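input.txt follows (compact mmCIF, C-alpha atoms):
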# COMPACT_ATOMS: atom_id res chain seq x y z
CA MET A 1 0.00 0.00 0.00
CA HIS A 2 1.38 3.43 -0.97
CA LEU A 3 0.64 6.59 1.06
CA GLU A 4 1.36 10.05 -0.23
CA PRO A 5 2.98 12.35 2.36
CA LEU A 6 1.09 15.47 3.36
CA GLU A 7 2.12 18.57 1.42
CA LYS A 8 1.53 20.67 4.50
CA LEU A 9 0.70 20.08 8.11
CA PRO A 10 -2.94 20.30 9.13
CA ARG A 11 -3.86 23.71 10.49
CA SER A 12 -6.62 22.48 12.79
CA VAL A 13 -7.86 19.44 14.63
CA ARG A 14 -10.72 19.15 12.19
CA GLU A 15 -8.35 19.06 9.23
CA PHE A 16 -6.17 16.48 11.03
CA VAL A 17 -9.17 14.25 11.76
CA SER A 18 -10.24 14.55 8.13
CA HIS A 19 -6.85 13.42 6.86
CA TYR A 20 -6.68 10.66 9.48
CA ALA A 21 -10.15 9.38 8.54
CA MET A 22 -9.17 9.28 4.85
CA ILE A 23 -6.06 7.24 5.69
CA VAL A 24 -7.99 4.80 7.87
CA LEU A 25 -10.72 4.47 5.25
CA SER A 26 -8.13 3.76 2.56
CA ILE A 27 -6.53 1.06 4.70
CA LEU A 28 -9.87 -0.56 5.54
CA THR A 29 -10.95 -0.46 1.89
CA ALA A 30 -7.70 -2.11 0.79
CA LEU A 31 -8.06 -4.83 3.45
CA ALA A 32 -11.67 -5.43 2.48
CA LEU A 33 -10.76 -5.76 -1.20
CA GLU A 34 -7.95 -8.13 -0.30
CA GLN A 35 -10.34 -10.31 1.69
CA VAL A 36 -12.82 -10.34 -1.18
CA ALA A 37 -10.07 -11.37 -3.60
CA LEU A 38 -8.91 -14.13 -1.22
CA ARG A 39 -12.45 -15.38 -0.75
CA ILE A 40 -12.98 -15.57 -4.51
CA GLU A 41 -9.66 -17.38 -4.93
CA HIS A 42 -10.51 -19.86 -2.16
CA ARG A 43 -13.93 -20.45 -3.67
CA HIS A 44 -12.33 -21.26 -7.02
CA GLU A 45 -9.82 -23.58 -5.34
CA GLY A 46 -12.60 -25.39 -3.50
CA GLN A 47 -14.65 -25.74 -6.69
CA ARG A 48 -11.64 -27.06 -8.59
CA ALA A 49 -10.88 -29.58 -5.84
CA ARG A 50 -14.53 -30.67 -5.71
CA GLU A 51 -14.68 -31.25 -9.47
CA GLU A 52 -11.45 -33.24 -9.49
CA ILE A 53 -12.50 -35.36 -6.51
CA GLU A 54 -15.94 -36.02 -8.00
CA GLN A 55 -14.32 -37.13 -11.27
CA GLU A 56 -11.99 -39.43 -9.37
CA ILE A 57 -14.81 -40.96 -7.33
CA SER A 58 -16.82 -41.45 -10.53
CA ALA A 59 -13.87 -43.28 -12.12
CA ASN A 60 -13.44 -45.42 -9.00
CA ARG A 61 -17.16 -46.21 -8.99
CA LYS A 62 -16.95 -47.39 -12.60
CA ALA A 63 -13.92 -49.54 -11.76
CA VAL A 64 -15.80 -51.10 -8.84
CA GLU A 65 -18.81 -51.85 -11.05
CA GLU A 66 -16.60 -53.58 -13.61
CA ALA A 67 -14.80 -55.57 -10.91
CA LEU A 68 -18.13 -56.56 -9.36
CA ALA A 69 -19.43 -57.83 -12.70
CA ILE A 70 -16.33 -59.99 -13.19
CA THR A 71 -16.41 -61.23 -9.59
CA SER A 72 -20.10 -62.14 -9.87
CA ARG A 73 -19.30 -64.28 -12.92
CA ASN A 74 -16.42 -65.87 -10.99
CA VAL A 75 -18.78 -66.72 -8.12
CA LYS A 76 -21.15 -68.50 -10.51
CA THR A 77 -18.27 -70.41 -12.10
CA TRP A 78 -16.97 -71.60 -8.73
CA GLU A 79 -20.45 -72.40 -7.41
CA ASP A 80 -20.95 -74.68 -10.42
CA LEU A 81 -17.53 -76.30 -9.94
CA VAL A 82 -18.10 -76.92 -6.22
CA ALA A 83 -21.61 -78.27 -6.86
CA ARG A 84 -20.38 -80.75 -9.50
CA THR A 85 -17.51 -81.90 -7.33
CA VAL A 86 -19.70 -82.39 -4.25
CA ALA A 87 -22.30 -84.29 -6.31
CA GLU A 88 -19.64 -86.66 -7.64
CA VAL A 89 -18.22 -87.24 -4.16
CA LYS A 90 -21.66 -87.98 -2.69
CA ALA A 91 -22.48 -90.33 -5.57
CA GLY A 92 -19.20 -92.20 -5.14
CA GLN A 93 -18.07 -91.22 -8.65
CA ALA A 94 -15.20 -88.95 -7.61
CA THR A 95 -12.23 -90.81 -9.04
CA GLU A 96 -8.76 -89.42 -8.51
CA GLU A 97 -8.57 -88.56 -12.17
CA ALA A 98 -11.85 -86.64 -11.96
CA LEU A 99 -10.73 -84.78 -8.85
CA VAL A 100 -7.45 -83.77 -10.46
CA GLY A 101 -9.47 -82.58 -13.44
CA HIS A 102 -11.59 -80.39 -11.15
CA LEU A 103 -8.45 -78.96 -9.57
CA ARG A 104 -7.03 -78.25 -13.00
CA GLU A 105 -10.26 -76.49 -13.95
CA ALA A 106 -10.03 -74.52 -10.71
CA GLY A 107 -6.51 -73.43 -11.58
CA HIS A 108 -7.67 -72.09 -14.94
CA SER A 109 -10.53 -70.20 -13.21
CA PHE A 110 -8.35 -68.82 -10.41
CA ARG A 111 -8.47 -65.07 -10.86
CA ASP A 112 -9.36 -61.97 -8.88
CA ALA A 113 -10.80 -58.66 -10.09
CA LEU A 114 -9.87 -55.90 -7.69
CA PRO A 115 -10.52 -52.32 -8.85
CA PRO A 116 -7.62 -49.83 -9.09
CA LEU A 117 -8.86 -47.24 -6.61
CA LYS A 118 -7.25 -43.85 -7.25
CA THR A 119 -6.65 -41.24 -4.55
CA THR A 120 -4.64 -38.65 -6.50
CA ALA A 121 -7.24 -35.86 -6.43
CA TRP A 122 -7.93 -36.33 -2.71
CA ASP A 123 -4.23 -36.46 -1.85
CA ALA A 124 -3.59 -33.30 -3.90
CA ALA A 125 -6.45 -31.47 -2.16
CA LEU A 126 -5.01 -32.41 1.21
CA SER A 127 -1.54 -31.34 0.15
CA ASP A 128 -2.48 -27.87 -1.11
CA HIS A 129 -5.12 -27.40 1.65
CA SER A 130 -7.92 -26.81 -0.86
CA VAL A 131 -10.04 -29.21 1.24
CA ASN A 132 -10.36 -26.31 3.68
CA TYR A 133 -12.54 -24.51 1.15
CA LEU A 134 -14.98 -27.39 0.56
CA ALA A 135 -18.49 -27.40 1.97
CA HIS A 136 -18.77 -29.33 5.22
CA GLU A 137 -21.16 -31.94 3.80
CA ASP A 138 -18.86 -32.54 0.81
CA LEU A 139 -15.79 -32.83 3.01
CA THR A 140 -17.56 -35.31 5.29
CA ARG A 141 -18.68 -37.49 2.38
CA TYR A 142 -15.27 -37.46 0.70
CA SER A 143 -13.58 -38.43 3.97
CA GLU A 144 -15.95 -41.40 4.36
CA VAL A 145 -15.47 -42.48 0.74
CA TYR A 146 -11.69 -42.46 0.82
CA ALA A 147 -11.59 -44.06 4.26
CA SER A 148 -13.79 -46.87 2.91
CA GLN A 149 -11.48 -47.27 -0.07
CA ARG A 150 -8.45 -47.59 2.17
CA LEU A 151 -10.22 -50.14 4.37
CA PHE A 152 -11.31 -52.14 1.33
CA SER A 153 -7.83 -52.19 -0.22
CA GLN A 154 -6.16 -53.26 3.03
CA ALA A 155 -8.78 -55.93 3.77
CA MET A 156 -8.54 -57.39 0.27
CA TRP A 157 -4.75 -57.46 0.44
CA ASP A 158 -4.80 -59.25 3.79
CA MET A 159 -7.37 -61.76 2.56
CA LEU A 160 -5.69 -62.57 -0.75
CA ARG A 161 -2.29 -62.77 0.90
CA ASP A 162 -3.57 -65.44 3.30
CA SER A 163 -6.41 -67.53 1.92
CA ALA A 164 -5.96 -67.07 -1.83
CA ALA A 165 -2.27 -67.95 -1.72
CA ARG A 166 -3.02 -71.04 0.37
CA ASP A 167 -5.82 -72.21 -1.94
CA LEU A 168 -3.71 -71.71 -5.04
CA ALA A 169 -0.86 -73.68 -3.46
CA ALA A 170 -3.22 -76.56 -2.66
CA ILE A 171 -4.62 -76.57 -6.20
CA SER A 172 -1.17 -76.46 -7.79
CA LEU A 173 0.07 -79.30 -5.58
CA GLY A 174 -2.78 -81.57 -6.65
CA THR A 175 -2.39 -80.88 -10.35
CA THR A 176 1.39 -81.19 -10.20
CA LEU A 177 1.38 -84.56 -8.40
CA GLY A 178 -1.66 -85.82 -10.25
CA LYS A 179 -3.17 -86.92 -6.96
CA ALA A 180 -6.20 -85.61 -5.09
CA ASP A 181 -8.29 -86.55 -2.06
CA ALA A 182 -12.04 -86.01 -2.16
CA THR A 183 -12.38 -84.23 1.17
CA ALA A 184 -9.31 -82.05 0.67
CA THR A 185 -10.41 -81.13 -2.85
CA VAL A 186 -13.90 -80.09 -1.77
CA ALA A 187 -12.45 -78.14 1.17
CA THR A 188 -10.04 -76.24 -1.10
CA LEU A 189 -12.68 -75.44 -3.70
CA ASN A 190 -15.17 -74.37 -1.04
CA SER A 191 -12.57 -72.17 0.65
CA ARG A 192 -11.88 -70.42 -2.63
CA LEU A 193 -15.62 -69.95 -3.25
CA ARG A 194 -16.03 -68.36 0.19
CA THR A 195 -13.13 -66.00 -0.54
CA ILE A 196 -14.65 -64.83 -3.83
CA SER A 197 -18.03 -64.40 -2.15
CA ILE A 198 -16.44 -62.13 0.45
CA VAL A 199 -14.83 -60.08 -2.32
CA GLN A 200 -18.21 -59.79 -4.01
CA SER A 201 -19.87 -58.63 -0.79
CA GLN A 202 -17.18 -56.03 -0.12
CA LEU A 203 -17.37 -54.72 -3.68
CA MET A 204 -21.12 -54.26 -3.31
CA GLN A 205 -20.66 -52.35 -0.05
CA LEU A 206 -17.91 -50.16 -1.49
CA GLY A 207 -20.08 -49.46 -4.52
CA ALA A 208 -22.87 -48.29 -2.20
CA VAL A 209 -20.47 -45.93 -0.43
CA LEU A 210 -19.25 -44.49 -3.74
CA GLU A 211 -22.86 -43.94 -4.75
CA GLY A 212 -23.34 -41.86 -1.61
CA SER A 213 -25.17 -44.46 0.47
CA ASN A 214 -24.27 -45.29 4.02
CA PRO A 215 -23.52 -49.01 4.47
CA GLY A 216 -24.31 -48.78 8.18
CA PRO A 217 -22.59 -50.16 11.26
CA ALA A 218 -23.16 -53.79 10.32
CA ALA A 219 -21.40 -53.33 7.00
CA SER A 220 -18.52 -51.52 8.62
CA GLN A 221 -18.14 -54.30 11.16
CA GLU A 222 -18.19 -56.91 8.41
CA ALA A 223 -15.58 -55.00 6.44
CA ALA A 224 -13.33 -54.85 9.48
CA SER A 225 -13.54 -58.64 9.89
CA VAL A 226 -12.93 -59.62 6.27
CA SER A 227 -9.40 -60.84 6.86
CA ALA A 228 -10.44 -62.90 9.88
CA ALA A 229 -13.30 -64.52 7.98
CA ALA A 230 -11.12 -65.35 5.00
CA SER A 231 -8.37 -66.76 7.19
CA ALA A 232 -10.92 -68.87 9.06
CA ALA A 233 -12.25 -70.28 5.79
CA ALA A 234 -8.76 -71.09 4.59
CA SER A 235 -7.84 -72.65 7.93
CA ALA A 236 -10.94 -74.80 7.82
CA GLY A 237 -9.94 -76.04 4.40
CA ALA A 238 -6.42 -76.81 5.58
CA THR A 239 -7.78 -78.62 8.64
CA SER A 240 -10.12 -80.74 6.54
CA ALA A 241 -7.29 -81.59 4.20
CA ALA A 242 -5.06 -82.64 7.09
CA ALA A 243 -7.83 -84.72 8.65
CA SER A 244 -8.44 -86.54 5.38
CA ARG A 245 -4.81 -87.59 5.28
What does the file become when written as structure tokens?
Amino acid sequence: MHLEPLEKLPRSVREFVSHYAMIVLSILTALALEQVALRIEHRHEGQRAREEIEQEISANRKAVEEALAITSRNVKTWEDLVARTVAEVKAGQATEEALVGHLREAGHSFRDALPPLKTTAWDAALSDHSVNYLAHEDLTRYSEVYASQRLFSQAMWDMLRDSAARDLAAISLGTTLGKADATATVATLNSRLRTISIVQSQLMQLGAVLEGSNPGPAASQEAASVSAAASAAASAGATSAAASR
């Protein structure tokens, strides 16, 4: 701010007050204009952050929908495989050759479809503090969405690291040796089916969150126990396999 010096000293109190008032008014006007400019800039930053985050959430929602469609098809494939294997075992027609064939089919169908959940826009908004200029309801929703994404990613990683790796090892062992036990085979296939079903359930819940719905306390509790459930299913399969031996 630039102030011009007085050309001459005020000759009266009234003239001094007049000059003083003009100076104060100029300062207040400049501060007010600065605040208006900052508010406009912050509003633009908040709008930009909101648009980028909404685009990112929309892309993540599409990725979840695609992953859910693939996972739903996987569930049907494994349900059919488990049903055929169980029917053969109950009918006494489960020869070792047939069981190895089922394990080989399981190996070909062993796949997971986890969505690539992006967080770039949210991380950038946190980094440049543009989240401070978002509406409270938007900020609350975005926080819930990205927290759910982090929980989903961690839960899926824990589950696949434990149960999926164990199931795949059991399937590969049977096909490599060309030997299979009925009980162990059914336990392995069923464990894998339970794992995929959990993935399907979690994808549905995450999709609801991305759509703006609240999954509720029960869903949150289930999400928190995904790893434990998957590990329990895998452990049950391993126990059944050991018992059969």
Of the listed residues A:Val186, A:Ala63, A:Met204, A:Met159, that which approaches A:Glu79 most closely, counting only C-alpha atoms: A:Val186
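Shortest separation to A:Glu45 among A:Gln205, A:Thr183, A:Ser130, A:Thr188 occurs at residue A:Ser130, atoms counted being all atoms listed in the file.
If all atoms listed in the file are the atoms counted, then among A:Val209, A:Ala32, A:Leu38, A:Ala49 the closest residue to A:Asp123 is A:Ala49.
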I'd like the neighbourhood of A:Trp122 as an NGL selection string, where a residue qualifies if any of its atoms comes within 12 Å (using only C-alpha atoms), though same-chain residues fewer than 5 positions away should be ignored. :A and (46 or 48-57 or 117 or 127-131 or 134 or 139 or 141-147 or 149)
Find the residues around stretch 92-104 of chain A up to 8 Å (all atoms listed in the file counted), leave out those fewer than 4 positions away in its own chain, and share them as number ranges by chain. A: 81, 85, 88, 108, 171-172, 174-175, 178-182, 185
Long-range neighbours of stretch 66-68 of chain A as a PyMOL selection string, 8 Å cut-off, all atoms listed in the file, 2 positions minimum in chain: chain A and resi 62-64+70-72+113-115+200+203-204
Write out the residues from the selection above, keeping C-alpha atoms, as a PDB file, in the coordinates of the input.
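Heads up, here's the output in out.pdb:
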ATOM      1  CA  LYS A  62     -16.950 -47.390 -12.600  1.00  0.00           C
ATOM      2  CA  ALA A  63     -13.920 -49.540 -11.760  1.00  0.00           C
ATOM      3  CA  VAL A  64     -15.800 -51.100  -8.840  1.00  0.00           C
ATOM      4  CA  ILE A  70     -16.330 -59.990 -13.190  1.00  0.00           C
ATOM      5  CA  THR A  71     -16.410 -61.230  -9.590  1.00  0.00           C
ATOM      6  CA  SER A  72     -20.100 -62.140  -9.870  1.00  0.00           C
ATOM      7  CA  ALA A 113     -10.800 -58.660 -10.090  1.00  0.00           C
ATOM      8  CA  LEU A 114      -9.870 -55.900  -7.690  1.00  0.00           C
ATOM      9  CA  PRO A 115     -10.520 -52.320  -8.850  1.00  0.00           C
ATOM     10  CA  GLN A 200     -18.210 -59.790  -4.010  1.00  0.00           C
ATOM     11  CA  LEU A 203     -17.370 -54.720  -3.680  1.00  0.00           C
ATOM     12  CA  MET A 204     -21.120 -54.260  -3.310  1.00  0.00           C
TER      13      MET A 204
END
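Each of A:Val17, A:Val86, A:Val75, A:Ala30 was checked against A:Ile196 using all atoms listed in the file; the smallest atom-to-atom distance is that of A:Val75.
Atom CA of A:Leu206 sits 6.9 Å away from atom CA of A:Ser148.
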Give me, please, the distance in Å between atom CA of A:Ala169 and atom CA of A:Glu65, quoted to one decimal. 29.3 Å
Taking all atoms listed in the file into account, name the residue in A:Gly107, A:Ser201, A:Arg161, A:Leu28 that is nearest to A:Thr176. A:Gly107
Regenerate stretch 109-141 of chain A at the level of N, CA and C atoms and dump it as a tab-separated table (two decimals), in the frame of the given file.
chain	number	residue	atom	x	y	z
A	109	SER	N	-9.53	-71.20	-13.60
A	109	SER	CA	-10.53	-70.20	-13.21
A	109	SER	C	-10.08	-69.34	-12.04
A	110	PHE	N	-8.85	-69.54	-11.60
A	110	PHE	CA	-8.35	-68.82	-10.41
A	110	PHE	C	-7.93	-67.42	-10.81
A	111	ARG	N	-8.78	-66.47	-10.54
A	111	ARG	CA	-8.47	-65.07	-10.86
A	111	ARG	C	-9.24	-64.16	-9.90
A	112	ASP	N	-8.70	-62.98	-9.71
A	112	ASP	CA	-9.36	-61.97	-8.88
A	112	ASP	C	-9.50	-60.68	-9.67
A	113	ALA	N	-10.55	-59.94	-9.40
A	113	ALA	CA	-10.80	-58.66	-10.09
A	113	ALA	C	-10.95	-57.58	-9.04
A	114	LEU	N	-9.83	-56.99	-8.66
A	114	LEU	CA	-9.87	-55.90	-7.69
A	114	LEU	C	-9.70	-54.57	-8.42
A	115	PRO	N	-10.55	-53.60	-8.13
A	115	PRO	CA	-10.52	-52.32	-8.85
A	115	PRO	C	-9.31	-51.48	-8.46
A	116	PRO	N	-8.70	-50.78	-9.42
A	116	PRO	CA	-7.62	-49.83	-9.09
A	116	PRO	C	-8.21	-48.53	-8.54
A	117	LEU	N	-8.23	-48.40	-7.25
A	117	LEU	CA	-8.86	-47.24	-6.61
A	117	LEU	C	-7.86	-46.09	-6.52
A	118	LYS	N	-8.15	-45.00	-7.21
A	118	LYS	CA	-7.25	-43.85	-7.25
A	118	LYS	C	-7.55	-42.89	-6.10
A	119	THR	N	-6.51	-42.23	-5.63
A	119	THR	CA	-6.65	-41.24	-4.55
A	119	THR	C	-5.90	-39.95	-4.87
A	120	THR	N	-5.50	-39.78	-6.13
A	120	THR	CA	-4.64	-38.65	-6.50
A	120	THR	C	-5.30	-37.31	-6.21
A	121	ALA	N	-6.56	-37.14	-6.61
A	121	ALA	CA	-7.24	-35.86	-6.43
A	121	ALA	C	-7.40	-35.54	-4.94
A	122	TRP	N	-7.76	-36.54	-4.14
A	122	TRP	CA	-7.93	-36.33	-2.71
A	122	TRP	C	-6.59	-35.99	-2.05
A	123	ASP	N	-5.55	-36.72	-2.42
A	123	ASP	CA	-4.23	-36.46	-1.85
A	123	ASP	C	-3.74	-35.06	-2.22
A	124	ALA	N	-4.01	-34.63	-3.47
A	124	ALA	CA	-3.59	-33.30	-3.90
A	124	ALA	C	-4.36	-32.22	-3.13
A	125	ALA	N	-5.65	-32.45	-2.91
A	125	ALA	CA	-6.45	-31.47	-2.16
A	125	ALA	C	-5.98	-31.35	-0.72
A	126	LEU	N	-5.56	-32.46	-0.15
A	126	LEU	CA	-5.01	-32.41	1.21
A	126	LEU	C	-3.66	-31.68	1.22
A	127	SER	N	-2.88	-31.92	0.19
A	127	SER	CA	-1.54	-31.34	0.15
A	127	SER	C	-1.56	-29.82	-0.01
A	128	ASP	N	-2.44	-29.32	-0.90
A	128	ASP	CA	-2.48	-27.87	-1.11
A	128	ASP	C	-3.54	-27.17	-0.26
A	129	HIS	N	-4.15	-27.93	0.68
A	129	HIS	CA	-5.12	-27.40	1.65
A	129	HIS	C	-6.40	-26.87	1.01
A	130	SER	N	-6.67	-27.26	-0.24
A	130	SER	CA	-7.92	-26.81	-0.86
A	130	SER	C	-9.14	-27.50	-0.25
A	131	VAL	N	-8.92	-28.58	0.54
A	131	VAL	CA	-10.04	-29.21	1.24
A	131	VAL	C	-10.64	-28.26	2.27
A	132	ASN	N	-9.85	-27.27	2.71
A	132	ASN	CA	-10.36	-26.31	3.68
A	132	ASN	C	-11.46	-25.43	3.11
A	133	TYR	N	-11.57	-25.39	1.80
A	133	TYR	CA	-12.54	-24.51	1.15
A	133	TYR	C	-13.72	-25.29	0.58
A	134	LEU	N	-13.84	-26.57	0.97
A	134	LEU	CA	-14.98	-27.39	0.56
A	134	LEU	C	-16.12	-27.22	1.56
A	135	ALA	N	-17.33	-27.43	1.07
A	135	ALA	CA	-18.49	-27.40	1.97
A	135	ALA	C	-18.37	-28.55	2.97
A	136	HIS	N	-18.91	-28.34	4.16
A	136	HIS	CA	-18.77	-29.33	5.22
A	136	HIS	C	-19.36	-30.68	4.83
A	137	GLU	N	-20.53	-30.67	4.18
A	137	GLU	CA	-21.16	-31.94	3.80
A	137	GLU	C	-20.33	-32.67	2.74
A	138	ASP	N	-19.72	-31.91	1.81
A	138	ASP	CA	-18.86	-32.54	0.81
A	138	ASP	C	-17.62	-33.12	1.45
A	139	LEU	N	-17.01	-32.37	2.34
A	139	LEU	CA	-15.79	-32.83	3.01
A	139	LEU	C	-16.06	-34.10	3.82
A	140	THR	N	-17.21	-34.14	4.50
A	140	THR	CA	-17.56	-35.31	5.29
A	140	THR	C	-17.74	-36.53	4.40
A	141	ARG	N	-18.44	-36.36	3.30
A	141	ARG	CA	-18.68	-37.49	2.38
A	141	ARG	C	-17.37	-37.98	1.77
